[in-house]
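Participant: Got a structure here, written out as C-alpha cells. Questions coming.
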Amino acid sequence: MEIHSKLGKTSISDLSIMQRSLLFAELASIAYCDKAEATRLARQIGFTTVEFYDKHGAQAYRFLNTRDCVIACRGTEPTELNDIAADLRAAPVKSESVSRVHKGFKKEVDDLWPMIIEDVARLKKRTLWFCGHSLGAAMATIMASRCWYDDALMDPTGLYTYGSPRAGWRGFVKTLAVPHVRWVNNNDIVATVPPAFLGYRHDGNEFYLNAYGQLRKLTVWQRIKDKCRGLWMGIKQGGIDSFSDHSMTNYVAHIKNNQENE
C-alpha cells in the first residue's frame with residue numbers, strides 16, 4: 001500500500017478538506033491491516049503511537065502524535081462472521097446519545113467503547129478525529145456522537161466517512177453537531193442501507209464521486225443519469241458497479257486524483 005499523505009509538523013486542522021479527505025481515506029484503509037503493518041504505514045504519515053482495539057471481532061485503531069488523535073474504525077470483512085452479523089442486525093435501538101441507531105453497529109461500538117473512552121479521556125492539547133469505511137464509518141459516526149454528548153470527553157473536531165451505511169434515525173443525525181464529511185462513490189451499494197423506510201437517515205455533508213471518479217454536485221435527475229452511466233460502464237467492464245464502487249482502494253484513488261486537480 002502506497003501512502004500519499006505526509007503530516008510532518010502540520011496539524012490535521014491546518015489541512016484543506018481535500019487533504020484531510022485523502023489522509024482519513026488512507027487511515028481508513030490502514031485500519032484493515034494488522035498492527036505491524038498499520039504501525040509502519042501510520043509512521044510514514046507522521047503518527048508516533050498506534051493502538052489496536054479488538055474485542056469480539058469489533059476493531060479500531062488509535063493513531064496519535066503530539067497534535068492529533070485519530071480513531072479509525074475497521075469496516076466489514078467478509079471472512080469475519082461478527083462483522084456480517086453486525087450488518088444484518090438492522091433493528092433500531094435506543095442510542096447512548098439521542099434517538100435510535102442500528103442495533104448491530106451499536107453492538108460493535110459497545111464492545112470497544114470502554115477502551116476508547118479510557119484513552120480519549122487522557123487526551124490533552126490534541127484534536128480528536130474519527131474516520132472509517134463501511135461498517136467502520138457507521139461505528140465512527142456513533143462514537144463521534146457519544147463523545148459529543150459526554151461532558152467528560154473532549155468534543156471531536158471532525159468526522160470523515162467513506163461508503164457509510166445509514167447509522168441512525170433522523171433524530172440521531174439531526175443532533176450530531178460534529179462536522180462530518182461523508183464520501184459516496186457513485187453506485188456504492190452500502191450507502192443505500194439500511195433502507196430509509198425503517199427510519200434511517202444519512203448524516204453529514206455529502207461529497208459525491210460520479211461515474212468517472214470526479215467530485216460533483218448533481219441535481220436529482222443528473223444523479224440518476226450518472227448512476228445509470230456507472231452501472232453501464234461496470235457491465236461493459238464485466239463487473240458489478242454497485243460492489244466495486246464500495247472498494248476503499250477506489251475511494252483513495254479517486255480522492256487523490258481530485259485533490260491533485262483541486
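Ligands are numbered from 1 in the order shown, chains are lettered A, B, ... in the order of the C-alpha cells, and residues start at 1 in each chain.
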Would you mind listing what lies within 7 Å of stretch 52-66 of chain A as a ChimeraX atom specification, with only C-alpha atoms counted and same-chain residues fewer than 3 positions away left out?
Facilitator: /A:31,35,47-49,69-74,82,108,111-112,126
Participant: Go ahead and write the residues just picked, N, CA and C atoms, as a short mmCIF file (atom, residue, chain, number, x, y, z; two decimals), in the first residue's frame.
Facilitator:
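The new file result35.cif reads:
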```
data_model
loop_
_atom_site.label_atom_id
_atom_site.label_comp_id
_atom_site.auth_asym_id
_atom_site.auth_seq_id
_atom_site.Cartn_x
_atom_site.Cartn_y
_atom_site.Cartn_z
N ALA A 31 -6.65 0.80 8.56
CA ALA A 31 -7.38 0.12 9.63
C ALA A 31 -7.66 -1.34 9.31
N LYS A 35 -1.47 -5.02 13.04
CA LYS A 35 -0.88 -3.91 13.78
C LYS A 35 0.53 -3.56 13.29
N PHE A 47 2.39 9.66 12.44
CA PHE A 47 1.86 9.27 13.74
C PHE A 47 2.90 8.44 14.48
N THR A 48 3.13 8.77 15.74
CA THR A 48 4.21 8.14 16.51
C THR A 48 3.72 6.98 17.37
N THR A 49 2.43 6.96 17.68
CA THR A 49 1.89 5.91 18.55
C THR A 49 0.66 5.29 17.89
N CYS A 69 -5.20 13.16 17.50
CA CYS A 69 -5.57 11.77 17.79
C CYS A 69 -6.67 11.38 16.81
N VAL A 70 -6.47 10.26 16.12
CA VAL A 70 -7.46 9.77 15.16
C VAL A 70 -7.90 8.37 15.58
N ILE A 71 -9.22 8.18 15.68
CA ILE A 71 -9.78 6.85 15.88
C ILE A 71 -10.31 6.39 14.53
N ALA A 72 -9.71 5.34 13.98
CA ALA A 72 -10.11 4.80 12.68
C ALA A 72 -10.73 3.43 12.89
N CYS A 73 -12.00 3.30 12.57
CA CYS A 73 -12.73 2.04 12.79
C CYS A 73 -12.64 1.14 11.56
N ARG A 74 -12.42 -0.12 11.81
CA ARG A 74 -12.30 -1.10 10.73
C ARG A 74 -13.68 -1.48 10.21
N ASN A 82 -18.64 -12.04 12.75
CA ASN A 82 -19.12 -10.98 13.64
C ASN A 82 -19.49 -9.74 12.84
N GLU A 108 -21.16 -3.20 18.00
CA GLU A 108 -19.73 -3.11 17.69
C GLU A 108 -19.07 -1.99 18.50
N ASP A 111 -18.72 -2.82 22.29
CA ASP A 111 -17.61 -3.72 22.63
C ASP A 111 -16.30 -2.96 22.83
N LEU A 112 -16.10 -1.90 22.04
CA LEU A 112 -14.83 -1.16 22.09
C LEU A 112 -14.86 0.06 23.00
N ARG A 126 -4.67 18.09 22.15
CA ARG A 126 -4.73 17.42 20.85
C ARG A 126 -6.14 17.58 20.28
#
```
Participant: Which parts of stretch 1-176 of chain A does DSSP call helix (DSSP H, G or I) when run on the backbone here, written out as an MDAnalysis selection string?
Facilitator: chainID A and resid 12:14 17:30 35:45 81:88 103:120 135:149 170:174
Participant: What lies within 12 Å of A:Arg146 using only C-alpha atoms, ignoring chain neighbours under 2 positions off, as a short mmCIF file (atom, residue, chain, number, x, y, z; two decimals) with N, CA and C atoms, in the first residue's frame?
Facilitator:
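Saved to part_6.cif:
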```
data_model
loop_
_atom_site.label_atom_id
_atom_site.label_comp_id
_atom_site.auth_asym_id
_atom_site.auth_seq_id
_atom_site.Cartn_x
_atom_site.Cartn_y
_atom_site.Cartn_z
N SER A 95 -30.22 4.88 21.33
CA SER A 95 -28.82 5.29 21.30
C SER A 95 -28.34 5.72 22.68
N GLU A 96 -27.04 5.68 22.90
CA GLU A 96 -26.45 6.18 24.14
C GLU A 96 -26.50 7.70 24.19
N SER A 97 -26.68 8.35 23.03
CA SER A 97 -26.72 9.81 23.00
C SER A 97 -28.14 10.32 22.83
N VAL A 98 -28.75 10.09 21.65
CA VAL A 98 -30.10 10.58 21.40
C VAL A 98 -30.74 9.75 20.29
N VAL A 101 -30.39 4.10 16.90
CA VAL A 101 -29.35 3.72 15.95
C VAL A 101 -29.49 2.25 15.60
N LYS A 106 -24.33 -0.44 16.84
CA LYS A 106 -24.19 -0.07 18.25
C LYS A 106 -23.46 -1.14 19.04
N VAL A 109 -19.75 -0.85 18.59
CA VAL A 109 -19.21 0.27 19.36
C VAL A 109 -19.19 -0.07 20.85
N ASP A 110 -20.25 -0.68 21.34
CA ASP A 110 -20.32 -1.05 22.76
C ASP A 110 -19.13 -1.91 23.17
N TRP A 113 -16.06 0.55 23.31
CA TRP A 113 -16.19 1.86 23.94
C TRP A 113 -15.43 2.02 25.25
N PRO A 114 -15.44 1.03 26.16
CA PRO A 114 -14.68 1.22 27.41
C PRO A 114 -13.20 1.49 27.18
N ILE A 116 -11.93 2.81 24.32
CA ILE A 116 -11.83 4.09 23.62
C ILE A 116 -11.89 5.26 24.60
N ILE A 117 -12.90 5.27 25.48
CA ILE A 117 -13.07 6.42 26.36
C ILE A 117 -11.94 6.52 27.38
N VAL A 120 -9.32 8.33 25.29
CA VAL A 120 -9.74 9.68 24.90
C VAL A 120 -9.79 10.60 26.11
N PHE A 130 -12.48 11.23 14.04
CA PHE A 130 -12.97 9.87 13.80
C PHE A 130 -13.08 9.64 12.30
N MET A 139 -19.67 2.95 12.73
CA MET A 139 -19.11 2.92 14.08
C MET A 139 -18.52 4.27 14.44
N ALA A 140 -17.75 4.86 13.52
CA ALA A 140 -17.12 6.16 13.77
C ALA A 140 -18.16 7.24 14.03
N THR A 141 -19.29 7.17 13.30
CA THR A 141 -20.36 8.15 13.48
C THR A 141 -20.98 8.04 14.87
N ILE A 142 -21.23 6.82 15.31
CA ILE A 142 -21.81 6.62 16.64
C ILE A 142 -20.83 7.03 17.73
N MET A 143 -19.55 6.71 17.55
CA MET A 143 -18.54 7.10 18.53
C MET A 143 -18.42 8.63 18.64
N ALA A 144 -18.44 9.31 17.49
CA ALA A 144 -18.34 10.77 17.50
C ALA A 144 -19.53 11.37 18.24
N TRP A 148 -19.50 13.66 21.69
CA TRP A 148 -20.12 14.98 21.65
C TRP A 148 -21.07 15.18 22.84
N TYR A 149 -21.77 14.13 23.22
CA TYR A 149 -22.77 14.24 24.28
C TYR A 149 -22.22 13.93 25.67
N ASP A 150 -20.98 13.50 25.76
CA ASP A 150 -20.38 13.17 27.05
C ASP A 150 -19.52 14.35 27.52
N ASP A 151 -19.96 15.03 28.54
CA ASP A 151 -19.25 16.22 29.03
C ASP A 151 -17.87 15.89 29.58
N ALA A 152 -17.64 14.63 29.92
CA ALA A 152 -16.35 14.23 30.47
C ALA A 152 -15.30 14.01 29.37
N LEU A 153 -15.74 13.99 28.11
CA LEU A 153 -14.83 13.75 26.98
C LEU A 153 -14.73 14.99 26.12
N MET A 154 -13.62 15.12 25.41
CA MET A 154 -13.45 16.26 24.53
C MET A 154 -14.33 16.10 23.29
N ASP A 155 -14.77 17.22 22.73
CA ASP A 155 -15.58 17.18 21.52
C ASP A 155 -14.71 16.84 20.31
N PRO A 156 -15.20 15.98 19.44
CA PRO A 156 -14.44 15.68 18.22
C PRO A 156 -14.34 16.91 17.33
N PHE A 172 -31.25 11.20 15.49
CA PHE A 172 -29.84 10.96 15.78
C PHE A 172 -28.96 11.83 14.88
N THR A 175 -29.10 15.84 15.34
CA THR A 175 -28.49 16.44 16.54
C THR A 175 -26.99 16.17 16.64
N LEU A 176 -26.42 15.50 15.63
CA LEU A 176 -24.98 15.25 15.64
C LEU A 176 -24.27 16.50 15.10
N ALA A 177 -23.73 17.29 16.00
CA ALA A 177 -23.16 18.59 15.62
C ALA A 177 -21.70 18.49 15.18
N VAL A 178 -21.12 17.31 15.18
CA VAL A 178 -19.72 17.14 14.76
C VAL A 178 -19.63 17.36 13.25
#
```
Participant: Quick one: contact table of stretch 120-200 of chain A to stretch 232-255 of chain A, 9 Å max, nearest atom pair and distance in Å to one decimal per residue, counting only C-alpha atoms, chain and number order, as a Markdown table?
Facilitator:
```
| residue | atom | partner | partner_atom | distance |
| --- | --- | --- | --- | --- |
| A:His133 | CA | A:Met248 | CA | 7.1 |
| A:Ser134 | CA | A:His246 | CA | 7.9 |
| A:Tyr162 | CA | A:Tyr251 | CA | 7.4 |
| A:Gly163 | CA | A:His246 | CA | 6.0 |
| A:Trp183 | CA | A:Tyr251 | CA | 8.2 |
| A:Val184 | CA | A:Tyr251 | CA | 8.5 |
| A:Asn185 | CA | A:Asp245 | CA | 5.7 |
| A:Asn186 | CA | A:Asp245 | CA | 6.6 |
| A:Asn187 | CA | A:Ser242 | CA | 4.8 |
| A:Asp188 | CA | A:Asp245 | CA | 4.8 |
| A:Ile189 | CA | A:Ser242 | CA | 5.0 |
| A:Val190 | CA | A:His246 | CA | 7.0 |
| A:Ala191 | CA | A:His246 | CA | 8.6 |
```
Participant: From the options A:Met18, A:Gly104, A:Gly230, A:Leu41, which residue's atoms come nearest to A:Glu262, counting only C-alpha atoms?
Facilitator: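 Going through A:Met18, A:Gly104, A:Gly230, A:Leu41 one by one, the smallest distance to A:Glu262 is for A:Met18.
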Participant: If you run DSSP on the backbone, which residues of stretch 16-245 of chain A are strand (DSSP E or B), as a ChimeraX atom specification?
Facilitator: /A:49-55,58-64,68-73,92-94,100-102,127-133,158-162,168-169,180-185,200-201,205-209,215
Participant: Using the selection just defined, write its residues with C-alpha atoms as a tab-separated table (two decimals), in the first residue's frame.
Facilitator:
```
chain	number	residue	atom	x	y	z
A	49	THR	CA	1.89	5.91	18.55
A	50	VAL	CA	-0.51	3.23	17.29
A	51	GLU	CA	-3.00	1.40	19.50
A	52	PHE	CA	-5.16	-1.50	18.26
A	53	TYR	CA	-8.56	-2.16	19.83
A	54	ASP	CA	-10.05	-5.62	19.31
A	55	LYS	CA	-12.93	-7.27	21.14
A	58	ALA	CA	-15.05	-5.31	16.67
A	59	GLN	CA	-11.84	-3.49	15.73
A	60	ALA	CA	-10.40	0.00	15.53
A	61	TYR	CA	-7.08	1.84	15.67
A	62	ARG	CA	-5.91	4.91	17.56
A	63	PHE	CA	-3.28	6.93	15.70
A	64	LEU	CA	-1.54	9.54	17.85
A	68	ASP	CA	-3.76	14.96	16.81
A	69	CYS	CA	-5.57	11.77	17.79
A	70	VAL	CA	-7.46	9.77	15.16
A	71	ILE	CA	-9.78	6.85	15.88
A	72	ALA	CA	-10.11	4.80	12.68
A	73	CYS	CA	-12.73	2.04	12.79
A	92	PRO	CA	-33.31	0.32	15.58
A	93	VAL	CA	-32.41	0.52	19.28
A	94	LYS	CA	-32.07	3.41	21.72
A	100	ARG	CA	-32.18	5.43	17.81
A	101	VAL	CA	-29.35	3.72	15.95
A	102	HIS	CA	-28.70	0.45	14.11
A	127	THR	CA	-7.55	17.47	18.33
A	128	LEU	CA	-9.79	14.38	18.17
A	129	TRP	CA	-10.94	12.92	14.85
A	130	PHE	CA	-12.97	9.87	13.80
A	131	CYS	CA	-12.95	8.08	10.45
A	132	GLY	CA	-13.93	4.78	8.90
A	133	HIS	CA	-15.14	2.86	5.86
A	158	GLY	CA	-14.31	16.23	12.76
A	159	LEU	CA	-15.64	13.01	11.28
A	160	TYR	CA	-14.73	11.61	7.82
A	161	THR	CA	-16.52	8.56	6.44
A	162	TYR	CA	-16.38	6.53	3.22
A	168	GLY	CA	-29.36	6.09	12.89
A	169	TRP	CA	-32.76	7.71	12.77
A	180	HIS	CA	-18.99	15.35	9.09
A	181	VAL	CA	-17.63	14.86	5.56
A	182	ARG	CA	-19.31	11.79	4.06
A	183	TRP	CA	-17.88	10.43	0.80
A	184	VAL	CA	-20.07	8.38	-1.55
A	185	ASN	CA	-18.67	6.76	-4.70
A	200	TYR	CA	-32.74	5.56	8.96
A	201	ARG	CA	-31.14	8.70	7.54
A	205	ASN	CA	-22.04	16.92	4.19
A	206	GLU	CA	-22.07	14.53	1.24
A	207	PHE	CA	-19.15	14.52	-1.20
A	208	TYR	CA	-20.32	12.59	-4.25
A	209	LEU	CA	-17.96	10.95	-6.75
A	215	LEU	CA	-16.24	15.17	-7.26
```
